[in-house]
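Trainee: Next comes the structure file upload_19.cif, holding mmCIF, C-alpha atoms and all ligand atoms.
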data_query
#
loop_
_atom_site.label_atom_id
_atom_site.label_comp_id
_atom_site.auth_asym_id
_atom_site.auth_seq_id
_atom_site.Cartn_x
_atom_site.Cartn_y
_atom_site.Cartn_z
CA MET A 156 0.00 0.00 0.00
CA GLN A 157 1.51 3.35 -0.98
CA HIS A 158 0.81 6.62 0.82
CA LEU A 159 1.74 10.21 -0.04
CA ILE A 160 2.80 11.85 3.21
CA ASP A 161 5.62 13.82 1.60
CA THR A 162 7.37 13.68 -1.75
CA SER A 163 10.10 11.53 -0.14
CA ASN A 164 7.54 8.69 -0.44
CA LEU A 165 7.93 8.90 -4.23
CA SER A 166 10.73 7.46 -6.32
CA ASP A 167 12.28 9.57 -9.08
CA ARG A 168 10.44 7.34 -11.58
CA GLN A 169 7.10 7.99 -9.83
CA ILE A 170 7.67 11.76 -9.84
CA ALA A 171 8.49 11.62 -13.55
CA ASP A 172 5.32 9.54 -14.15
CA ILE A 173 3.16 12.05 -12.22
CA LEU A 174 4.53 14.94 -14.30
CA SER A 175 4.07 13.02 -17.52
CA ASP A 176 0.54 11.82 -16.67
CA ALA A 177 -0.49 15.34 -15.57
CA ALA A 178 0.63 16.70 -18.96
CA THR A 179 -1.32 13.96 -20.75
CA PHE A 180 -4.46 14.54 -18.66
CA LYS A 181 -4.30 18.28 -19.40
CA VAL A 182 -4.82 17.40 -23.06
CA GLN A 183 -7.11 14.42 -22.66
CA LYS A 184 -9.10 13.64 -19.50
CA PRO A 185 -9.29 9.92 -18.58
CA ILE A 186 -12.96 10.10 -17.68
CA THR A 187 -13.44 6.49 -16.53
CA LEU A 188 -10.01 5.53 -15.15
CA LEU A 189 -11.17 5.56 -11.50
CA ARG A 190 -14.78 4.57 -12.22
CA ASP A 191 -15.07 2.05 -9.37
CA LYS A 192 -13.09 4.03 -6.80
CA LEU A 193 -14.28 5.90 -3.71
CA LEU A 194 -12.30 8.59 -1.91
CA ILE A 195 -13.01 10.23 1.44
CA THR A 196 -11.82 13.77 2.17
CA LEU A 197 -11.24 14.80 5.76
CA PHE A 198 -10.17 18.43 6.17
CA PHE A 199 -9.54 19.61 9.73
CA GLU A 200 -8.34 23.00 8.40
CA ASN A 201 -9.95 25.35 5.90
CA SER A 202 -9.24 24.92 2.21
CA THR A 203 -10.50 26.37 -1.05
CA ARG A 204 -8.04 25.02 -3.62
CA THR A 205 -6.79 21.67 -2.33
CA ARG A 206 -10.08 20.17 -1.25
CA SER A 207 -12.02 21.19 -4.36
CA SER A 208 -9.08 20.32 -6.61
CA PHE A 209 -8.94 16.76 -5.25
CA GLU A 210 -12.69 16.45 -5.60
CA VAL A 211 -12.66 17.76 -9.17
CA ALA A 212 -9.70 15.51 -10.03
CA ALA A 213 -11.43 12.42 -8.65
CA LYS A 214 -14.75 13.19 -10.33
CA ARG A 215 -13.08 13.97 -13.66
CA MET A 216 -11.75 10.39 -13.53
CA GLY A 217 -15.08 8.83 -12.62
CA ALA A 218 -14.44 8.28 -8.89
CA ALA A 219 -16.94 9.02 -6.16
CA VAL A 220 -15.99 11.36 -3.31
CA VAL A 221 -17.45 11.58 0.19
CA HIS A 222 -16.53 14.54 2.38
CA LEU A 223 -16.64 14.28 6.16
CA ASP A 224 -16.87 17.70 7.81
CA PRO A 225 -14.88 17.31 11.07
CA SER A 226 -16.82 20.14 12.71
CA LYS A 227 -19.98 18.01 12.36
CA SER A 228 -18.32 14.65 13.01
CA SER A 229 -18.12 12.50 16.12
CA THR A 230 -14.61 13.81 16.83
CA LYS A 231 -16.69 16.60 18.45
CA LYS A 232 -18.12 13.95 20.82
CA GLY A 233 -14.66 12.84 21.87
CA GLU A 234 -13.94 10.10 19.32
CA THR A 235 -10.21 9.93 18.63
CA LEU A 236 -8.89 10.75 15.20
CA GLU A 237 -7.56 7.19 14.88
CA ASP A 238 -11.02 5.76 15.66
CA THR A 239 -12.68 8.17 13.24
CA PHE A 240 -10.20 7.08 10.56
CA ALA A 241 -10.67 3.36 11.35
CA ASN A 242 -14.45 3.74 11.11
CA LEU A 243 -14.14 5.48 7.75
CA CYS A 244 -11.80 2.72 6.56
CA ALA A 245 -14.39 0.12 7.59
CA MET A 246 -16.51 1.53 4.74
CA GLU A 247 -13.75 0.37 2.36
CA PRO A 248 -12.74 3.59 0.59
CA ASP A 249 -9.87 3.42 -1.89
CA GLY A 250 -8.08 6.29 -0.17
CA VAL A 251 -8.43 9.02 2.44
CA ILE A 252 -7.26 12.58 1.76
CA ILE A 253 -6.51 14.45 4.95
CA ARG A 254 -5.55 17.99 5.99
CA HIS A 255 -4.59 18.60 9.61
CA SER A 256 -2.84 21.20 11.77
CA GLU A 257 -0.36 18.63 13.17
CA ASN A 258 2.70 17.69 11.13
CA GLU A 259 2.56 14.02 12.19
CA THR A 260 -1.15 13.25 11.67
CA PRO A 261 -1.15 11.93 8.06
CA GLY A 262 1.90 9.74 8.78
CA LYS A 263 0.28 8.38 11.95
CA LEU A 264 -2.84 7.35 10.02
CA ALA A 265 -0.75 5.91 7.17
CA LYS A 266 1.05 3.64 9.67
CA MET A 267 -2.32 2.01 10.46
CA GLU A 268 -2.08 0.57 6.90
CA MET A 269 -5.85 0.54 6.38
CA THR A 270 -6.11 2.56 3.15
CA PRO A 271 -3.78 4.82 1.12
CA VAL A 272 -3.44 8.17 2.90
CA ILE A 273 -2.82 11.35 0.95
CA ASN A 274 -1.53 14.38 2.84
CA ALA A 275 -3.44 17.46 1.67
CA GLY A 276 -1.36 19.73 3.92
CA ALA A 277 -0.22 19.12 7.50
CA GLY A 278 1.15 21.64 10.00
CA ASN A 279 4.09 23.60 8.70
CA TYR A 280 6.01 20.57 7.40
CA ALA A 281 4.43 19.03 4.33
CA HIS A 282 2.06 19.79 1.46
CA PRO A 283 3.34 17.33 -1.13
CA THR A 284 0.63 17.73 -3.76
CA GLN A 285 1.21 21.51 -3.80
CA ALA A 286 4.95 20.95 -4.30
CA LEU A 287 4.24 18.56 -7.19
CA LEU A 288 1.81 20.95 -8.90
CA ASP A 289 4.30 23.79 -8.49
CA LEU A 290 7.00 21.60 -10.04
CA PHE A 291 4.64 20.70 -12.89
CA THR A 292 3.87 24.39 -13.50
CA MET A 293 7.59 25.26 -13.63
CA GLN A 294 8.43 22.29 -15.85
CA GLU A 295 5.60 23.23 -18.20
CA HIS A 296 7.10 26.73 -18.48
CA PHE A 297 10.83 25.94 -18.63
CA GLY A 298 10.92 22.41 -20.06
CA ASP A 299 13.72 21.44 -17.69
CA VAL A 300 13.91 23.00 -14.23
CA ARG A 301 17.43 21.73 -13.42
CA GLY A 302 19.73 24.70 -12.73
CA LYS A 303 16.87 27.22 -12.47
CA THR A 304 16.81 29.47 -9.41
CA ILE A 305 13.68 29.96 -7.32
CA ALA A 306 13.37 32.53 -4.54
CA ILE A 307 10.81 31.66 -1.88
CA VAL A 308 9.61 34.94 -0.40
CA GLY A 309 7.57 35.61 2.73
CA ASP A 310 6.50 33.65 5.79
CA ILE A 311 8.73 30.65 5.06
CA VAL A 312 9.00 29.42 8.64
CA SER A 313 5.23 28.80 8.91
CA SER A 314 4.79 27.38 5.43
CA ARG A 315 4.29 23.70 4.62
CA VAL A 316 4.27 24.73 0.95
CA ALA A 317 7.80 26.09 1.39
CA SER A 318 8.98 23.02 3.35
CA SER A 319 7.75 20.49 0.80
CA GLY A 320 8.82 22.73 -2.08
CA ILE A 321 12.36 23.14 -0.76
CA ARG A 322 12.78 19.36 -0.47
CA LEU A 323 11.33 18.63 -3.92
CA PHE A 324 12.89 21.51 -5.87
CA THR A 325 16.42 20.89 -4.55
CA ARG A 326 15.98 17.17 -5.33
CA MET A 327 15.08 18.15 -8.92
CA GLY A 328 18.32 20.15 -9.25
CA MET A 329 16.94 23.65 -8.71
CA ASN A 330 18.74 26.36 -6.73
CA VAL A 331 16.49 27.51 -3.89
CA ILE A 332 17.07 30.78 -2.07
CA LEU A 333 15.06 32.17 0.82
CA VAL A 334 13.99 35.81 1.11
CA ALA A 335 12.23 37.01 4.26
CA PRO A 336 12.41 39.36 7.20
CA GLU A 337 14.11 37.74 10.19
CA PRO A 338 10.93 36.54 12.01
CA PHE A 339 9.77 34.67 8.88
CA MET A 340 13.13 33.01 8.13
CA PRO A 341 13.56 29.31 9.09
CA GLN A 342 16.76 27.57 10.21
CA SER A 343 18.27 26.49 6.91
CA THR A 344 21.53 25.94 5.11
CA LEU A 345 20.05 27.50 1.95
CA PRO A 346 21.14 31.02 0.91
CA GLN A 347 19.15 33.59 2.90
CA TYR A 348 18.40 37.24 2.08
CA GLU A 349 16.39 39.91 3.83
CA ASN A 350 16.44 42.22 0.81
CA LEU A 351 14.32 41.11 -2.15
CA GLU A 352 15.95 43.63 -4.51
CA ALA A 353 19.30 41.88 -3.94
CA VAL A 354 18.14 38.71 -5.74
CA LEU A 355 15.86 39.99 -8.50
CA ASP A 356 18.54 39.85 -11.20
CA SER A 357 19.50 36.26 -10.42
CA VAL A 358 16.18 34.39 -10.11
CA ASP A 359 14.03 32.59 -12.67
CA VAL A 360 11.05 32.11 -10.35
CA ILE A 361 9.65 33.89 -7.30
CA MET A 362 7.27 31.95 -5.10
CA SER A 363 5.48 34.46 -2.89
CA LEU A 364 3.91 33.23 0.35
CA ARG A 365 1.13 34.59 2.51
CA ALA A 366 1.80 35.52 6.12
CA GLN A 367 0.20 32.54 7.92
CA LEU A 368 -1.47 34.59 10.65
CA GLU A 369 -3.35 31.52 11.93
CA ARG A 370 -0.03 29.83 12.79
CA HIS A 371 1.50 32.78 14.66
CA ALA A 372 1.23 32.37 18.43
CA SER A 373 1.23 36.18 18.70
CA PRO A 374 1.17 38.85 15.96
CA ILE A 375 4.59 39.15 14.26
CA PHE A 376 3.97 42.43 12.43
CA ASP A 377 1.49 45.10 13.49
CA ASP A 378 1.34 46.50 10.02
CA TYR A 379 1.46 44.37 6.89
CA ASP A 380 1.52 47.51 4.72
CA ALA A 381 5.06 48.09 6.01
CA TYR A 382 5.92 44.46 5.14
CA ALA A 383 4.42 44.99 1.67
CA GLN A 384 6.70 47.97 1.03
CA HIS A 385 9.64 45.55 1.06
CA TYR A 386 8.19 42.25 -0.22
CA CYS A 387 5.07 42.89 -2.34
CA LEU A 388 5.63 41.89 -5.98
CA THR A 389 4.79 45.02 -7.95
CA PRO A 390 5.48 46.20 -11.53
CA GLU A 391 7.96 48.74 -10.09
CA ARG A 392 9.86 46.01 -8.24
CA LEU A 393 9.89 43.37 -11.03
CA GLY A 394 10.38 45.79 -13.94
CA ASP A 395 10.57 43.89 -17.23
CA ARG A 396 12.52 40.96 -15.78
CA ASP A 397 11.53 37.56 -17.16
CA ILE A 398 10.55 36.06 -13.79
CA LEU A 399 7.83 33.46 -13.30
CA VAL A 400 5.60 34.45 -10.36
CA LEU A 401 4.00 31.68 -8.28
CA HIS A 402 1.86 31.70 -5.13
CA PRO A 403 0.05 28.73 -3.56
CA GLY A 404 -2.88 30.91 -2.49
CA PRO A 405 -4.75 32.41 -0.87
CA VAL A 406 -3.02 35.61 -2.02
CA MET A 407 -3.13 38.66 0.24
CA ARG A 408 -3.66 41.19 -2.54
CA ASN A 409 -1.30 44.16 -2.53
CA ILE A 410 0.64 42.64 0.38
CA ASP A 411 2.07 39.49 -1.26
CA ILE A 412 1.41 40.40 -4.91
CA SER A 413 -0.06 43.61 -6.36
CA ASP A 414 -3.27 43.67 -8.38
CA ALA A 415 -1.21 44.64 -11.44
CA ILE A 416 1.17 41.66 -11.15
CA LEU A 417 -1.75 39.29 -10.51
CA GLY A 418 -2.98 40.33 -13.96
CA ASP A 419 0.48 40.10 -15.55
CA PRO A 420 1.23 37.15 -17.90
CA ARG A 421 4.30 36.31 -15.81
CA CYS A 422 2.01 35.46 -12.89
CA LYS A 423 0.87 31.81 -12.96
CA VAL A 424 -1.31 31.74 -9.84
CA LEU A 425 -4.47 30.55 -11.62
CA GLU A 426 -2.44 28.26 -13.89
CA GLN A 427 -1.12 26.61 -10.69
CA VAL A 428 -4.73 26.00 -9.62
CA LYS A 429 -5.60 24.56 -13.04
CA ASN A 430 -2.48 22.38 -12.99
CA GLY A 431 -3.36 21.25 -9.47
CA VAL A 432 -6.32 19.30 -10.84
CA TYR A 433 -4.21 17.50 -13.48
CA THR A 434 -1.38 16.84 -11.03
CA ARG A 435 -3.80 15.40 -8.46
CA MET A 436 -5.41 13.26 -11.17
CA ALA A 437 -1.95 11.83 -11.86
CA ILE A 438 -1.33 11.32 -8.11
CA LEU A 439 -4.65 9.48 -7.71
CA LYS A 440 -3.81 7.27 -10.68
CA LEU A 441 -0.44 6.45 -9.16
CA LEU A 442 -1.72 5.63 -5.67
CA LEU A 443 -5.01 3.94 -6.56
CA LEU A 444 -4.04 2.08 -9.73
CA ASP A 445 -0.32 1.89 -10.43
CA ALA A 446 1.33 1.49 -7.02
N1 LIG B 501 -2.66 26.02 -1.72
C1 LIG B 501 -3.53 25.63 -0.74
O1 LIG B 501 -3.26 24.71 0.05
O2 LIG B 501 -4.71 26.33 -0.76
P1 LIG B 501 -5.98 25.95 0.15
O3 LIG B 501 -5.58 26.20 1.60
O4 LIG B 501 -7.09 26.84 -0.30
O5 LIG B 501 -6.27 24.48 -0.05
#
Translate this file's structure into structure tokens.
Mentor:
Amino acid sequence: MQHLIDTSNLSDRQIADILSDAATFKVQKPITLLRDKLLITLFFENSTRTRSSFEVAAKRMGAAVVHLDPSKSSTKKGETLEDTFANLCAMEPDGVIIRHSENETPGKLAKMEMTPVINAGAGNYAHPTQALLDLFTMQEHFGDVRGKTIAIVGDIVSSRVASSGIRLFTRMGMNVILVAPEPFMPQSTLPQYENLEAVLDSVDVIMSLRAQLERHASPIFDDYDAYAQHYCLTPERLGDRDILVLHPGPVMRNIDISDAILGDPRCKVLEQVKNGVYTRMAILKLLLLDA
């Protein structure tokens, strides 16, 4: 039984297959490939993109999807997460897709070996399907990402997107540099910069990140307008540089990325969302059929 807790669960061959299948599915949807399959989604944190993207991906392949809303589930009556999961598995789904605030939760459920577990974002450590869709989006643009330089900008220390991305992008031969004010910078051996202007001439991609206010024990900045003056991606800041702009969403408009750059062809935010469906279709194929 194969799980996707982080991209380290995938071999190089499997990553290549996901990228290749996602490209194929973008041209031709395999509408019956998962016809007999049933997936359960279990999101203990809010989500717009990931939850709906998994659901769209599954349905586009003919699978059925059941969503359990934890706020209305028997976890509210004191049932443990493990018991909730075991009860769902007793209904014989072909996989459970889970989002949780704790880094360890998807791995803990995977160890029960009851059904394939897919991590849809956990704590600040892993969001593997986001990393894969970001890789797909960059590969689609560049052809080969090896040797390209990506700057991850913003609240890196709180970001599971950054954590999974750093592990996957470096594995794929990219140069990753981190740009953030000191409170947002994680412990890392990667090159670190506080000044965004210092790296603009040497990057191929900027991945902007939202300040994850819900993960801050106490407010880090009083005023995000002051933060934006240094880190918001604006036409003035980017000039005519040929830089691909990514963001996992949700975007804090005019703090992370300006309205003008969100409408600029260099900005691939909505393309990332579109590619998320095809990448997750490829991931479901891998875990439910191929593995
Ligand atoms: N990128 C991402 O995880 O977005 P959601 O929180 O909306 O799922």
Trainee: Name all residues at most 8 Å from segment 223-235 of chain A (count only C-alpha atoms; drop same-chain ones fewer than 6 positions away) and give them as a ChimeraX atom specification.
Mentor: /A:195-199
Trainee: Hey, what's within 10 Å of Leu442 of chain A if we count all atoms listed in the file and toss same-chain stuff fewer than 5 positions away? As an NGL selection string, please?
Mentor: :A and (156-159 or 249-250 or 271-273 or 437)
Trainee: Which of these, A:Leu364, A:Ile305, A:Leu333, A:Met340, has the shortest distance to ligand LIG 501 (chain B) once you count all atoms listed in the file?
Mentor: A:Leu364
Trainee: Using all atoms listed in the file, which residue out of A:Leu355, A:Ile321, A:Gln294, A:Arg365 lies closest to ligand LIG 501 (chain B)?
Mentor: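 Using all atoms listed in the file, ligand LIG 501 (chain B) sits closest to A:Arg365.
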Trainee: Could you list, as a tab-separated table (two decimals) with C-alpha atoms, keeping the file's coordinate frame, every residue within 10 Å of segment 395-408 of chain A, counting only C-alpha atoms and ignoring same-chain residues fewer than 2 positions away?
Mentor:
chain	number	residue	atom	x	y	z
A	202	SER	CA	-9.24	24.92	2.21
A	203	THR	CA	-10.50	26.37	-1.05
A	204	ARG	CA	-8.04	25.02	-3.62
A	205	THR	CA	-6.79	21.67	-2.33
A	285	GLN	CA	1.21	21.51	-3.80
A	286	ALA	CA	4.95	20.95	-4.30
A	288	LEU	CA	1.81	20.95	-8.90
A	289	ASP	CA	4.30	23.79	-8.49
A	292	THR	CA	3.87	24.39	-13.50
A	293	MET	CA	7.59	25.26	-13.63
A	296	HIS	CA	7.10	26.73	-18.48
A	297	PHE	CA	10.83	25.94	-18.63
A	305	ILE	CA	13.68	29.96	-7.32
A	306	ALA	CA	13.37	32.53	-4.54
A	307	ILE	CA	10.81	31.66	-1.88
A	308	VAL	CA	9.61	34.94	-0.40
A	316	VAL	CA	4.27	24.73	0.95
A	317	ALA	CA	7.80	26.09	1.39
A	355	LEU	CA	15.86	39.99	-8.50
A	356	ASP	CA	18.54	39.85	-11.20
A	357	SER	CA	19.50	36.26	-10.42
A	358	VAL	CA	16.18	34.39	-10.11
A	359	ASP	CA	14.03	32.59	-12.67
A	360	VAL	CA	11.05	32.11	-10.35
A	361	ILE	CA	9.65	33.89	-7.30
A	362	MET	CA	7.27	31.95	-5.10
A	363	SER	CA	5.48	34.46	-2.89
A	364	LEU	CA	3.91	33.23	0.35
A	365	ARG	CA	1.13	34.59	2.51
A	366	ALA	CA	1.80	35.52	6.12
A	379	TYR	CA	1.46	44.37	6.89
A	383	ALA	CA	4.42	44.99	1.67
A	387	CYS	CA	5.07	42.89	-2.34
A	388	LEU	CA	5.63	41.89	-5.98
A	390	PRO	CA	5.48	46.20	-11.53
A	391	GLU	CA	7.96	48.74	-10.09
A	392	ARG	CA	9.86	46.01	-8.24
A	393	LEU	CA	9.89	43.37	-11.03
A	410	ILE	CA	0.64	42.64	0.38
A	411	ASP	CA	2.07	39.49	-1.26
A	412	ILE	CA	1.41	40.40	-4.91
A	413	SER	CA	-0.06	43.61	-6.36
A	414	ASP	CA	-3.27	43.67	-8.38
A	415	ALA	CA	-1.21	44.64	-11.44
A	416	ILE	CA	1.17	41.66	-11.15
A	417	LEU	CA	-1.75	39.29	-10.51
A	419	ASP	CA	0.48	40.10	-15.55
A	420	PRO	CA	1.23	37.15	-17.90
A	421	ARG	CA	4.30	36.31	-15.81
A	422	CYS	CA	2.01	35.46	-12.89
A	423	LYS	CA	0.87	31.81	-12.96
A	424	VAL	CA	-1.31	31.74	-9.84
A	425	LEU	CA	-4.47	30.55	-11.62
A	426	GLU	CA	-2.44	28.26	-13.89
A	427	GLN	CA	-1.12	26.61	-10.69
A	428	VAL	CA	-4.73	26.00	-9.62
Trainee: Have a look at A:Glu349, A:Asp380, A:Glu210, A:Asp299 and name the one nearest to ligand LIG 501 (chain B); count all atoms listed in the file.
Mentor: A:Glu210
Trainee: For segment 186-193 of chain A, work out the shell of residues within 7 Å, counting all atoms listed in the file and skipping chain neighbours fewer than 3 positions away, then give it as a PDB file with C-alpha atoms, in the frame of the given file.
Mentor:
ATOM      1  CA  ARG A 215     -13.080  13.970 -13.660  1.00  0.00           C
ATOM      2  CA  MET A 216     -11.750  10.390 -13.530  1.00  0.00           C
ATOM      3  CA  GLY A 217     -15.080   8.830 -12.620  1.00  0.00           C
ATOM      4  CA  ALA A 218     -14.440   8.280  -8.890  1.00  0.00           C
ATOM      5  CA  ALA A 219     -16.940   9.020  -6.160  1.00  0.00           C
ATOM      6  CA  VAL A 220     -15.990  11.360  -3.310  1.00  0.00           C
ATOM      7  CA  PRO A 248     -12.740   3.590   0.590  1.00  0.00           C
ATOM      8  CA  ASP A 249      -9.870   3.420  -1.890  1.00  0.00           C
TER       9      ASP A 249
END
Trainee: Using all atoms listed in the file, which of A:Thr162, A:Thr389, A:Ser319, A:Asn242 sits nearest ligand LIG 501 (chain B)?
Mentor: A:Ser319
Trainee: Point out the residue among A:Arg322, A:Lys181, A:His282, A:Lys214 with the least atom-to-atom distance to ligand LIG 501 (chain B), counting all atoms listed in the file.
Mentor: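 Counting all atoms listed in the file, the residue closest to ligand LIG 501 (chain B) is A:His282.
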Trainee: Please measure the separation of atom CA of Gly431 of chain A and atom CA of Pro336 of chain A, giving the value in Å to one decimal.
Mentor: 29.2 Å
Trainee: Specify the axis-aligned box that encloses all atoms of ligand LIG 501 (chain B) listed in the file after padding of 6 Å on each side, stating its centre and edge lengths in Å to one decimal as AutoDock Vina command-line options.
Mentor:
--center_x -4.9 --center_y 25.7 --center_z -0.1 --size_x 16.4 --size_y 14.4 --size_z 15.3
Trainee: Please, what distance in Å, to one decimal, runs between atom CA of His222 of chain A and atom CA of Gln183 of chain A?
Mentor: 26.8 Å
Trainee: So how many Å separate atom CA of Leu165 of chain A and atom CA of Ile438 of chain A, to one decimal?
Mentor: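 Atom CA of Leu165 of chain A sits 10.3 Å away from atom CA of Ile438 of chain A.
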Trainee: Of the candidates A:Asn279, A:Gln342, A:Ser175, A:Ser163, which shows the shortest atom-to-atom distance to ligand LIG 501 (chain B), using all atoms listed in the file?
Mentor: A:Asn279
Trainee: List every protein, DNA or RNA residue with an atom no more than 12 Å from (20.6, 22.7, -15.9) in the file's coordinates, counting all atoms listed in the file, and format the result as a list of chain:residue names.
Mentor: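 Residues satisfying the cut-off, written out: A:Phe297, A:Gly298, A:Asp299, A:Val300, A:Arg301, A:Gly302, A:Lys303, A:Thr304, A:Met327, A:Gly328, A:Met329, A:Asn330.
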Trainee: Can you put all heavy atoms back into segment 160-168 of chain A and show it as a PDB file, in the frame of the given file?
Mentor:
ATOM      1  N   ILE A 160       2.693  10.994   2.026  1.00  0.00           N
ATOM      2  CA  ILE A 160       2.800  11.850   3.210  1.00  0.00           C
ATOM      3  C   ILE A 160       3.712  13.027   2.898  1.00  0.00           C
ATOM      4  O   ILE A 160       3.460  14.153   3.282  1.00  0.00           O
ATOM      5  CB  ILE A 160       3.336  11.038   4.414  1.00  0.00           C
ATOM      6  CG1 ILE A 160       2.468   9.787   4.615  1.00  0.00           C
ATOM      7  CG2 ILE A 160       3.378  11.898   5.677  1.00  0.00           C
ATOM      8  CD1 ILE A 160       0.976  10.063   4.733  1.00  0.00           C
ATOM      9  N   ASP A 161       4.804  12.754   2.195  1.00  0.00           N
ATOM     10  CA  ASP A 161       5.620  13.820   1.600  1.00  0.00           C
ATOM     11  C   ASP A 161       6.231  13.266   0.322  1.00  0.00           C
ATOM     12  O   ASP A 161       6.137  12.060   0.052  1.00  0.00           O
ATOM     13  CB  ASP A 161       6.690  14.321   2.571  1.00  0.00           C
ATOM     14  CG  ASP A 161       7.262  15.674   2.118  1.00  0.00           C
ATOM     15  OD1 ASP A 161       6.583  16.379   1.323  1.00  0.00           O
ATOM     16  OD2 ASP A 161       8.368  16.028   2.515  1.00  0.00           O
ATOM     17  N   THR A 162       6.868  14.131  -0.444  1.00  0.00           N
ATOM     18  CA  THR A 162       7.370  13.680  -1.750  1.00  0.00           C
ATOM     19  C   THR A 162       8.508  12.669  -1.577  1.00  0.00           C
ATOM     20  O   THR A 162       8.841  11.974  -2.535  1.00  0.00           O
ATOM     21  CB  THR A 162       7.842  14.868  -2.597  1.00  0.00           C
ATOM     22  OG1 THR A 162       8.765  15.642  -1.824  1.00  0.00           O
ATOM     23  CG2 THR A 162       6.672  15.738  -3.000  1.00  0.00           C
ATOM     24  N   SER A 163       9.071  12.556  -0.373  1.00  0.00           N
ATOM     25  CA  SER A 163      10.100  11.530  -0.140  1.00  0.00           C
ATOM     26  C   SER A 163       9.514  10.127  -0.266  1.00  0.00           C
ATOM     27  O   SER A 163      10.265   9.166  -0.407  1.00  0.00           O
ATOM     28  CB  SER A 163      10.725  11.718   1.252  1.00  0.00           C
ATOM     29  OG  SER A 163       9.705  11.669   2.227  1.00  0.00           O
ATOM     30  N   ASN A 164       8.177   9.997  -0.217  1.00  0.00           N
ATOM     31  CA  ASN A 164       7.540   8.690  -0.440  1.00  0.00           C
ATOM     32  C   ASN A 164       7.605   8.263  -1.901  1.00  0.00           C
ATOM     33  O   ASN A 164       7.270   7.115  -2.221  1.00  0.00           O
ATOM     34  CB  ASN A 164       6.060   8.710  -0.030  1.00  0.00           C
ATOM     35  CG  ASN A 164       5.850   9.014   1.438  1.00  0.00           C
ATOM     36  OD1 ASN A 164       5.051   9.869   1.778  1.00  0.00           O
ATOM     37  ND2 ASN A 164       6.568   8.343   2.309  1.00  0.00           N
ATOM     38  N   LEU A 165       7.967   9.185  -2.786  1.00  0.00           N
ATOM     39  CA  LEU A 165       7.930   8.900  -4.230  1.00  0.00           C
ATOM     40  C   LEU A 165       9.335   8.664  -4.759  1.00  0.00           C
ATOM     41  O   LEU A 165      10.269   9.400  -4.415  1.00  0.00           O
ATOM     42  CB  LEU A 165       7.304  10.088  -4.982  1.00  0.00           C
ATOM     43  CG  LEU A 165       5.878  10.475  -4.573  1.00  0.00           C
ATOM     44  CD1 LEU A 165       5.468  11.777  -5.255  1.00  0.00           C
ATOM     45  CD2 LEU A 165       4.886   9.359  -4.925  1.00  0.00           C
ATOM     46  N   SER A 166       9.461   7.672  -5.626  1.00  0.00           N
ATOM     47  CA  SER A 166      10.730   7.460  -6.320  1.00  0.00           C
ATOM     48  C   SER A 166      10.868   8.508  -7.429  1.00  0.00           C
ATOM     49  O   SER A 166       9.876   9.154  -7.825  1.00  0.00           O
ATOM     50  CB  SER A 166      10.774   6.055  -6.926  1.00  0.00           C
ATOM     51  OG  SER A 166       9.785   5.967  -7.944  1.00  0.00           O
ATOM     52  N   ASP A 167      12.083   8.649  -7.951  1.00  0.00           N
ATOM     53  CA  ASP A 167      12.280   9.570  -9.080  1.00  0.00           C
ATOM     54  C   ASP A 167      11.379   9.178 -10.252  1.00  0.00           C
ATOM     55  O   ASP A 167      10.823  10.030 -10.949  1.00  0.00           O
ATOM     56  CB  ASP A 167      13.752   9.564  -9.523  1.00  0.00           C
ATOM     57  CG  ASP A 167      14.662  10.198  -8.478  1.00  0.00           C
ATOM     58  OD1 ASP A 167      14.146  10.869  -7.549  1.00  0.00           O
ATOM     59  OD2 ASP A 167      15.892  10.006  -8.589  1.00  0.00           O
ATOM     60  N   ARG A 168      11.279   7.852 -10.478  1.00  0.00           N
ATOM     61  CA  ARG A 168      10.440   7.340 -11.580  1.00  0.00           C
ATOM     62  C   ARG A 168       8.986   7.761 -11.371  1.00  0.00           C
ATOM     63  O   ARG A 168       8.292   8.189 -12.306  1.00  0.00           O
ATOM     64  CB  ARG A 168      10.582   5.821 -11.616  1.00  0.00           C
ATOM     65  CG  ARG A 168       9.770   5.054 -12.613  1.00  0.00           C
ATOM     66  CD  ARG A 168      10.302   5.196 -14.020  1.00  0.00           C
ATOM     67  NE  ARG A 168       9.514   6.169 -14.777  1.00  0.00           N
ATOM     68  CZ  ARG A 168       9.917   6.782 -15.868  1.00  0.00           C
ATOM     69  NH1 ARG A 168      11.130   6.601 -16.329  1.00  0.00           N
ATOM     70  NH2 ARG A 168       9.134   7.609 -16.508  1.00  0.00           N
TER      71      ARG A 168
END
